[in-house]
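Undergrad: Sharing upload_25.pdb here; it has PDB, C-alpha atoms.
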ATOM      1  CA  MET Y 507      83.481  99.129  66.291
ATOM      2  CA  VAL Y 508      86.116  98.625  69.008
ATOM      3  CA  GLY Y 509      88.720 101.370  68.925
ATOM      4  CA  THR Y 510      86.498 104.032  67.433
ATOM      5  CA  ALA Y 511      85.361 107.134  69.303
ATOM      6  CA  GLY Y 512      82.936 106.236  72.076
ATOM      7  CA  SER Y 513      83.651 102.504  71.934
ATOM      8  CA  TYR Y 514      84.201 100.486  75.088
ATOM      9  CA  GLU Y 515      85.382  96.902  75.374
ATOM     10  CA  THR Y 516      86.709  94.849  78.251
ATOM     11  CA  GLN Y 517      87.838  91.305  78.961
ATOM     12  CA  ASN Y 518      85.739  89.442  81.483
ATOM     13  CA  SER Y 519      87.292  87.636  84.437
ATOM     14  CA  ASN Y 520      87.976  84.334  82.706
ATOM     15  CA  TRP Y 521      89.599  85.897  79.647
ATOM     16  CA  SER Y 522      91.628  88.291  81.809
ATOM     17  CA  GLN Y 523      93.137  85.311  83.612
ATOM     18  CA  THR Y 524      93.786  83.541  80.320
ATOM     19  CA  GLY Y 525      95.451  86.663  78.909
ATOM     20  CA  ASN Y 526      97.880  86.769  81.852
ATOM     21  CA  SER Y 527      98.945  83.138  81.512
ATOM     22  CA  PRO Y 528     101.189  81.708  82.912
ATOM     23  CA  HIS Y 529     100.774  84.229  85.738
ATOM     24  CA  ARG Y 530      97.942  83.781  88.164
ATOM     25  CA  ASP Y 531      94.927  86.131  88.307
ATOM     26  CA  TYR Y 532      94.772  89.662  86.869
ATOM     27  CA  LYS Y 533      94.787  93.394  87.701
ATOM     28  CA  GLY Y 534      93.924  94.223  91.307
ATOM     29  CA  ALA Y 535      94.869  90.785  92.632
ATOM     30  CA  PRO Y 536      97.934  90.227  94.857
ATOM     31  CA  TYR Y 537      99.249  87.435  92.616
ATOM     32  CA  GLU Y 538     101.819  88.037  89.872
ATOM     33  CA  GLY Y 539      99.121  88.337  87.203
ATOM     34  CA  GLY Y 540      97.741  91.318  89.113
ATOM     35  CA  ILE Y 541     100.950  93.160  89.995
ATOM     36  CA  SER Y 542     103.721  92.042  87.648
ATOM     37  CA  ALA Y 543     104.407  93.912  84.434
ATOM     38  CA  PRO Y 544     107.483  94.659  82.339
ATOM     39  CA  PHE Y 545     109.127  98.058  82.688
ATOM     40  CA  ILE Y 546     110.398  99.478  79.407
ATOM     41  CA  ALA Y 547     112.829 102.402  79.479
ATOM     42  CA  TRP Y 548     114.523 104.301  76.654
ATOM     43  CA  TYR Y 549     117.376 106.739  77.234
ATOM     44  CA  PRO Y 550     120.094 106.429  74.540
ATOM     45  CA  GLN Y 551     122.810 108.233  76.534
ATOM     46  CA  LYS Y 552     122.292 106.075  79.634
ATOM     47  CA  ILE Y 553     120.566 102.787  78.788
ATOM     48  CA  LYS Y 554     122.102 100.206  76.446
ATOM     49  CA  ALA Y 555     119.732  99.317  73.607
ATOM     50  CA  SER Y 556     118.104  95.863  73.613
ATOM     51  CA  SER Y 557     119.310  95.066  77.134
ATOM     52  CA  ILE Y 558     117.166  93.103  79.576
ATOM     53  CA  SER Y 559     117.547  93.212  83.356
ATOM     54  CA  GLN Y 560     115.849  90.986  85.883
ATOM     55  CA  GLY Y 561     114.616  92.060  89.273
ATOM     56  CA  THR Y 562     111.700  93.394  91.200
ATOM     57  CA  ALA Y 563     110.837  97.064  91.035
ATOM     58  CA  HIS Y 564     107.788  99.010  92.114
ATOM     59  CA  LEU Y 565     106.004 102.217  91.217
ATOM     60  CA  ILE Y 566     107.577 103.777  94.338
ATOM     61  CA  ASP Y 567     110.976 103.428  92.622
ATOM     62  CA  LEU Y 568     110.168 105.899  89.838
ATOM     63  CA  ALA Y 569     110.542 109.111  91.850
ATOM     64  CA  PRO Y 570     113.981 108.179  93.283
ATOM     65  CA  THR Y 571     115.067 107.190  89.757
ATOM     66  CA  PHE Y 572     113.967 110.514  88.271
ATOM     67  CA  TYR Y 573     115.602 112.505  91.081
ATOM     68  CA  GLU Y 574     118.887 110.684  90.482
ATOM     69  CA  LEU Y 575     118.649 111.146  86.696
ATOM     70  CA  ALA Y 576     118.014 114.862  87.159
ATOM     71  CA  GLY Y 577     120.804 115.202  89.706
ATOM     72  CA  ALA Y 578     118.258 116.728  92.075
ATOM     73  CA  LYS Y 579     117.853 116.230  95.805
ATOM     74  CA  TYR Y 580     114.457 115.308  97.193
ATOM     75  CA  PRO Y 581     113.532 118.082  99.642
ATOM     76  CA  SER Y 582     113.183 117.187 103.313
ATOM     77  CA  VAL Y 583     111.287 120.461 103.831
ATOM     78  CA  LEU Y 584     109.343 122.401 101.190
ATOM     79  CA  ASN Y 585     107.584 125.692 101.915
ATOM     80  CA  GLY Y 586     107.931 125.015 105.623
ATOM     81  CA  VAL Y 587     106.337 121.572 105.426
ATOM     82  CA  SER Y 588     108.384 118.468 106.293
ATOM     83  CA  SER Y 589     108.256 115.767 103.625
ATOM     84  CA  ASN Y 590     108.081 112.041 104.164
ATOM     85  CA  ALA Y 591     111.162 110.219 102.926
ATOM     86  CA  LEU Y 592     110.816 108.575  99.526
ATOM     87  CA  PRO Y 593     110.231 104.849 100.133
ATOM     88  CA  GLY Y 594     111.580 103.538  96.814
ATOM     89  CA  LYS Y 595     115.034 102.836  95.416
ATOM     90  CA  SER Y 596     116.577 104.288  92.283
ATOM     91  CA  LEU Y 597     116.434 101.938  89.305
ATOM     92  CA  LEU Y 598     119.336 103.731  87.601
ATOM     93  CA  PRO Y 599     121.994 101.142  88.573
ATOM     94  CA  VAL Y 600     119.905  98.391  86.932
ATOM     95  CA  LEU Y 601     118.918 100.493  83.912
ATOM     96  CA  THR Y 602     122.539 101.462  83.196
ATOM     97  CA  GLY Y 603     123.896  97.934  83.679
ATOM     98  CA  LYS Y 604     125.854  98.717  86.873
ATOM     99  CA  ALA Y 605     123.718  96.265  88.874
ATOM    100  CA  GLY Y 606     121.864  93.112  87.907
ATOM    101  CA  ARG Y 607     118.918  93.713  90.224
ATOM    102  CA  VAL Y 608     117.381  96.337  92.481
ATOM    103  CA  GLU Y 609     118.946  96.019  95.917
ATOM    104  CA  ARG Y 610     116.069  96.899  98.217
ATOM    105  CA  GLY Y 611     117.298  96.006 101.668
ATOM    106  CA  GLU Y 612     113.676  95.635 102.800
ATOM    107  CA  PRO Y 613     110.517  93.905 101.543
ATOM    108  CA  LEU Y 614     107.927  95.368  99.178
ATOM    109  CA  PHE Y 615     104.291  95.535 100.301
ATOM    110  CA  TRP Y 616     100.932  95.756  98.541
ATOM    111  CA  GLU Y 617      97.344  96.234  99.677
ATOM    112  CA  ARG Y 618      94.279  96.861  97.568
ATOM    113  CA  GLY Y 619      90.696  96.022  98.430
ATOM    114  CA  GLY Y 620      91.724  93.633 101.182
ATOM    115  CA  ASN Y 621      94.276  91.856  98.971
ATOM    116  CA  LYS Y 622      97.712  91.841 100.608
ATOM    117  CA  ALA Y 623     101.169  90.771  99.492
ATOM    118  CA  VAL Y 624     104.741  90.961 100.747
ATOM    119  CA  ARG Y 625     107.773  90.310  98.548
ATOM    120  CA  ASP Y 626     111.108  89.737 100.272
ATOM    121  CA  GLY Y 627     113.796  88.435  97.946
ATOM    122  CA  ASP Y 628     112.462  85.248  96.368
ATOM    123  CA  TRP Y 629     109.699  84.846  98.976
ATOM    124  CA  LYS Y 630     106.205  86.182  98.427
ATOM    125  CA  LEU Y 631     103.413  86.046 101.004
ATOM    126  CA  VAL Y 632      99.871  86.498  99.650
ATOM    127  CA  SER Y 633      96.525  87.001 101.348
ATOM    128  CA  SER Y 634      93.648  87.225  98.887
ATOM    129  CA  ALA Y 635      90.488  88.933 100.146
ATOM    130  CA  ALA Y 636      88.471  86.219  98.406
ATOM    131  CA  LYS Y 637      90.110  83.586 100.634
ATOM    132  CA  GLY Y 638      89.680  85.409 103.941
ATOM    133  CA  GLU Y 639      92.678  85.420 106.266
ATOM    134  CA  LYS Y 640      94.364  82.440 104.592
ATOM    135  CA  TYR Y 641      98.012  83.132 103.790
ATOM    136  CA  GLU Y 642      99.923  81.512 100.963
ATOM    137  CA  LEU Y 643     103.701  81.487 100.539
ATOM    138  CA  PHE Y 644     105.502  81.144  97.226
ATOM    139  CA  ASN Y 645     109.144  80.959  96.201
ATOM    140  CA  ILE Y 646     109.023  83.149  93.095
ATOM    141  CA  ALA Y 647     112.483  82.055  91.876
ATOM    142  CA  GLU Y 648     111.314  78.433  91.735
ATOM    143  CA  ASP Y 649     107.586  78.990  91.095
ATOM    144  CA  ARG Y 650     107.033  82.200  89.111
ATOM    145  CA  ALA Y 651     103.420  81.246  88.330
ATOM    146  CA  GLU Y 652     102.569  80.766  92.053
ATOM    147  CA  ASN Y 653     101.246  77.228  91.679
ATOM    148  CA  LEU Y 654     102.809  75.671  94.795
ATOM    149  CA  ASP Y 655     101.838  77.115  98.185
ATOM    150  CA  VAL Y 656     104.688  76.257 100.604
ATOM    151  CA  ALA Y 657     103.282  78.073 103.665
ATOM    152  CA  ALA Y 658     102.874  74.817 105.641
ATOM    153  CA  GLN Y 659     106.548  73.956 105.093
ATOM    154  CA  HIS Y 660     107.823  77.408 106.163
ATOM    155  CA  PRO Y 661     105.708  78.726 109.078
ATOM    156  CA  ASP Y 662     108.672  80.800 110.296
ATOM    157  CA  ILE Y 663     108.841  82.740 107.016
ATOM    158  CA  VAL Y 664     105.051  83.211 107.011
ATOM    159  CA  ALA Y 665     105.171  84.588 110.567
ATOM    160  CA  ARG Y 666     108.099  86.923 109.751
ATOM    161  CA  LEU Y 667     106.450  88.331 106.620
ATOM    162  CA  LYS Y 668     103.051  88.719 108.328
ATOM    163  CA  ALA Y 669     104.749  90.704 111.121
ATOM    164  CA  ALA Y 670     106.606  92.847 108.565
ATOM    165  CA  TYR Y 671     103.324  93.538 106.750
ATOM    166  CA  ALA Y 672     101.608  94.530 110.027
ATOM    167  CA  GLN Y 673     104.426  96.998 110.793
ATOM    168  CA  TRP Y 674     104.269  98.464 107.291
ATOM    169  CA  ALA Y 675     100.463  98.765 107.423
ATOM    170  CA  GLU Y 676     100.642 100.533 110.796
ATOM    171  CA  LYS Y 677     103.385 102.904 109.648
ATOM    172  CA  ASN Y 678     101.525 103.795 106.443
ATOM    173  CA  GLY Y 679      98.010 104.067 107.865
ATOM    174  CA  VAL Y 680      96.582 101.129 105.912
ATOM    175  CA  VAL Y 681      92.967 100.724 106.992
ATOM    176  CA  ASP Y 682      91.584  97.210 107.395
ATOM    177  CA  TYR Y 683      89.434  96.672 104.307
ATOM    178  CA  ASN Y 684      86.797  94.792 106.327
ATOM    179  CA  LYS Y 685      86.131  98.017 108.244
ATOM    180  CA  LEU Y 686      85.902 100.061 105.048
ATOM    181  CA  LYS Y 687      83.549  97.810 103.144
ATOM    182  CA  SER Y 688      81.009  97.874 105.980
ATOM    183  CA  VAL Y 689      80.653 101.676 105.724
ATOM    184  CA  PRO Y 690      77.540 102.547 103.678
ATOM    185  CA  VAL Y 691      78.085 104.636 100.570
ATOM    186  CA  ARG Y 692      76.223 107.959 100.598
ATOM    187  CA  GLN Y 693      73.273 107.754  98.239
ATOM    188  CA  GLN Y 694      73.007 110.081  95.276
ATOM    189  CA  GLY Y 695      71.365 113.336  96.287
ATOM    190  CA  ALA Y 696      71.377 112.563 100.044
ATOM    191  CA  PRO Y 697      72.532 115.450 102.243
ATOM    192  CA  ASN Y 698      76.111 115.254 103.495
ATOM    193  CA  ARG Y 699      76.069 115.263 107.312
ATOM    194  CA  GLY Y 700      79.750 115.567 108.120
ATOM    195  CA  ASN Y 701      82.012 112.548 108.477
ATOM    196  CA  GLN Y 702      79.285 109.928 108.831
ATOM    197  CA  ASN Y 703      78.698 109.785 105.069
ATOM    198  CA  PHE Y 704      81.318 108.743 102.549
TER     199      PHE Y 704
END
Mind turning the file's structure into structure tokens?
TA:
Amino acid sequence: MVGTAGSYETQNSNWSQTGNSPHRDYKGAPYEGGISAPFIAWYPQKIKASSISQGTAHLIDLAPTFYELAGAKYPSVLNGVSSNALPGKSLLPVLTGKAGRVERGEPLFWERGGNKAVRDGDWKLVSSAAKGEKYELFNIAEDRAENLDVAAQHPDIVARLKAAYAQWAEKNGVVDYNKLKSVPVRQQGAPNRGNQNF
């Protein structure tokens, strides 16, 4: 019986896409069905009950939010080791009603299994691993379900977002998925001979 100890149940691909309707695709994909989810927060002293805010946030925004809530400063050096700067933005202004949306100042980027996406304001550039190096461009404000690819009408925006993604990938050490998937997986019980086996 589903839900009892030891049970396991999953939706297959077709039902996962249906369950995410009207968003396109599902978990792991670069489309909204794969990366968009509501964020629910409860903090009676800070957040007004039953309020809804619009905007785009990311997992990277949680740490800056918690640091600001705690009144703590993120350390630039800890135990003699220099820290990388936190890449996200605090969500506190949106959560407390002082701002209507997260003001990023720079695009958001995703990569998983060769799936890539860039979100800059209302523009979203998508490259699905299943479609090779084809890039699609969507205006999320006008087309939340990503049904109308406008890349051909806006080659300048496509070029700008592709360049921004390349810079982000270089800065963050994103490895080209095509290189990773060609590396053989070490077989069970095979001896580990240094870095040649993964």
Undergrad: Determine the residue membership of the PyMOL selection byres ((chain Y and resi 537-540) around 8) for the file above and supply it as an MDAnalysis selection string.
TA: chainID Y and resid 523 526:527 529:536 541:542 623 632 650:652
Undergrad: Between CA of Ile566 (chain Y) and CA of Lys637 (chain Y), what is the distance in Å, rounded to a tenth?
TA: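 Between CA of Ile566 (chain Y) and CA of Lys637 (chain Y) the gap is 27.4 Å.
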Undergrad: Neighbours of Val680 (chain Y) within 12 Å (all atoms listed in the file; same-chain residues fewer than 2 positions away dropped), as a list in words?
TA: Phe615, Trp616, Glu617, Arg618, Gly619, Gly620, Asn621, Lys622, Tyr671, Ala672, Gln673, Trp674, Ala675, Glu676, Lys677, Asn678, Asp682, Tyr683, Asn684, Lys685 and Leu686 of chain Y
Undergrad: Counting all atoms listed in the file, figure out which residue out of Y:Gly638, Y:Pro593, Y:Pro550, Y:Gly586 gets nearest to His564 (chain Y).
TA: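 Answer, going by the shortest atom-to-atom distance: Y:Pro593.
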Undergrad: One decimal, Å: what's the distance from CA of Gly606 (chain Y) over to CA of Lys554 (chain Y), could you say?
TA: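 Pair CA of Gly606 (chain Y) / CA of Lys554 (chain Y) returns 13.5 Å.
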Undergrad: Pick from Y:Ala669, Y:Ala569, Y:Leu654, Y:Val664: nearest to Lys640 (chain Y), with all atoms listed in the file counted?
TA: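 Selected residue with least distance to Lys640 (chain Y): Y:Val664.
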Undergrad: Please compute the CA of Asp655 (chain Y)-CA of Thr562 (chain Y) distance, one decimal, in Å.
TA: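 CA of Asp655 (chain Y) sits 20.3 Å away from CA of Thr562 (chain Y).
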Undergrad: Skip Arg666 (chain Y) itself and residues of its chain fewer than 4 positions away, then list as number ranges by chain all residues within 12 Å of it, counting all atoms listed in the file.
TA: Y: 613, 624-626, 629-631, 643, 657, 660-662, 670-673
Undergrad: Select, from Y:Phe545, Y:Tyr580, Y:Tyr573, Y:Tyr641, the residue with the minimum atom-to-atom distance to Ser557 (chain Y), counting only C-alpha atoms.
TA: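 Under the stated criterion, the closest residue is Y:Phe545.
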Undergrad: What do you get, as a VMD selection string, if you spell out every residue that the PyMOL selection byres ((chain Y and resi 556) around 12) selects here?
TA: chain Y and resid 546 to 550 553 to 555 557 to 559 601 to 603
Undergrad: Can you sort out the box for region 651-666 of chain Y, edges along x, y and z, all listed atoms in, 4 Å on every side, with centre and edge lengths in Å to one decimal, as JSON?
TA:
{"center_x": 105.0, "center_y": 80.4, "center_z": 99.4, "size_x": 15.6, "size_y": 21.0, "size_z": 30.2}
Undergrad: With N, CA and C atoms as the target, complete region 565-588 of chain Y and hand it back as a short mmCIF file (atom, residue, chain, number, x, y, z; two decimals), in the frame of the given file.
TA:
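What landed in selection24.cif:
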data_model
loop_
_atom_site.label_atom_id
_atom_site.label_comp_id
_atom_site.auth_asym_id
_atom_site.auth_seq_id
_atom_site.Cartn_x
_atom_site.Cartn_y
_atom_site.Cartn_z
N LEU Y 565 106.34 100.84 91.57
CA LEU Y 565 106.00 102.22 91.22
C LEU Y 565 106.71 103.22 92.13
N ILE Y 566 106.91 102.86 93.39
CA ILE Y 566 107.58 103.78 94.34
C ILE Y 566 109.02 104.05 93.96
N ASP Y 567 109.59 103.25 93.04
CA ASP Y 567 110.98 103.43 92.62
C ASP Y 567 111.15 104.49 91.54
N LEU Y 568 110.05 104.93 90.93
CA LEU Y 568 110.17 105.90 89.84
C LEU Y 568 110.67 107.26 90.31
N ALA Y 569 110.11 107.78 91.38
CA ALA Y 569 110.54 109.11 91.85
C ALA Y 569 112.03 109.13 92.21
N PRO Y 570 112.54 108.17 93.01
CA PRO Y 570 113.98 108.18 93.28
C PRO Y 570 114.84 108.06 92.02
N THR Y 571 114.34 107.33 91.03
CA THR Y 571 115.07 107.19 89.76
C THR Y 571 115.13 108.53 89.04
N PHE Y 572 114.00 109.23 88.97
CA PHE Y 572 113.97 110.51 88.27
C PHE Y 572 114.79 111.57 89.00
N TYR Y 573 114.77 111.56 90.32
CA TYR Y 573 115.60 112.50 91.08
C TYR Y 573 117.07 112.26 90.79
N GLU Y 574 117.48 110.99 90.76
CA GLU Y 574 118.89 110.68 90.48
C GLU Y 574 119.26 111.06 89.05
N LEU Y 575 118.38 110.77 88.09
CA LEU Y 575 118.65 111.15 86.70
C LEU Y 575 118.80 112.65 86.54
N ALA Y 576 117.98 113.40 87.25
CA ALA Y 576 118.01 114.86 87.16
C ALA Y 576 119.13 115.48 87.98
N GLY Y 577 119.76 114.66 88.83
CA GLY Y 577 120.80 115.20 89.71
C GLY Y 577 120.22 116.11 90.76
N ALA Y 578 118.96 115.89 91.10
CA ALA Y 578 118.26 116.73 92.08
C ALA Y 578 118.16 116.01 93.42
N LYS Y 579 118.01 116.79 94.47
CA LYS Y 579 117.85 116.23 95.80
C LYS Y 579 116.40 116.36 96.23
N TYR Y 580 115.83 115.27 96.70
CA TYR Y 580 114.46 115.31 97.19
C TYR Y 580 114.42 116.18 98.44
N PRO Y 581 113.53 117.16 98.50
CA PRO Y 581 113.53 118.08 99.64
C PRO Y 581 112.99 117.43 100.92
N SER Y 582 113.69 117.67 102.02
CA SER Y 582 113.18 117.19 103.31
C SER Y 582 112.15 118.16 103.87
N VAL Y 583 112.26 119.44 103.45
CA VAL Y 583 111.29 120.46 103.83
C VAL Y 583 111.00 121.30 102.59
N LEU Y 584 109.73 121.57 102.32
CA LEU Y 584 109.34 122.40 101.19
C LEU Y 584 108.27 123.37 101.65
N ASN Y 585 108.52 124.65 101.49
CA ASN Y 585 107.58 125.69 101.92
C ASN Y 585 107.19 125.53 103.39
N GLY Y 586 108.17 125.15 104.19
CA GLY Y 586 107.93 125.02 105.62
C GLY Y 586 107.26 123.73 106.05
N VAL Y 587 106.99 122.84 105.11
CA VAL Y 587 106.34 121.57 105.43
C VAL Y 587 107.35 120.44 105.30
N SER Y 588 107.47 119.61 106.33
CA SER Y 588 108.38 118.47 106.29
C SER Y 588 107.82 117.38 105.39
#
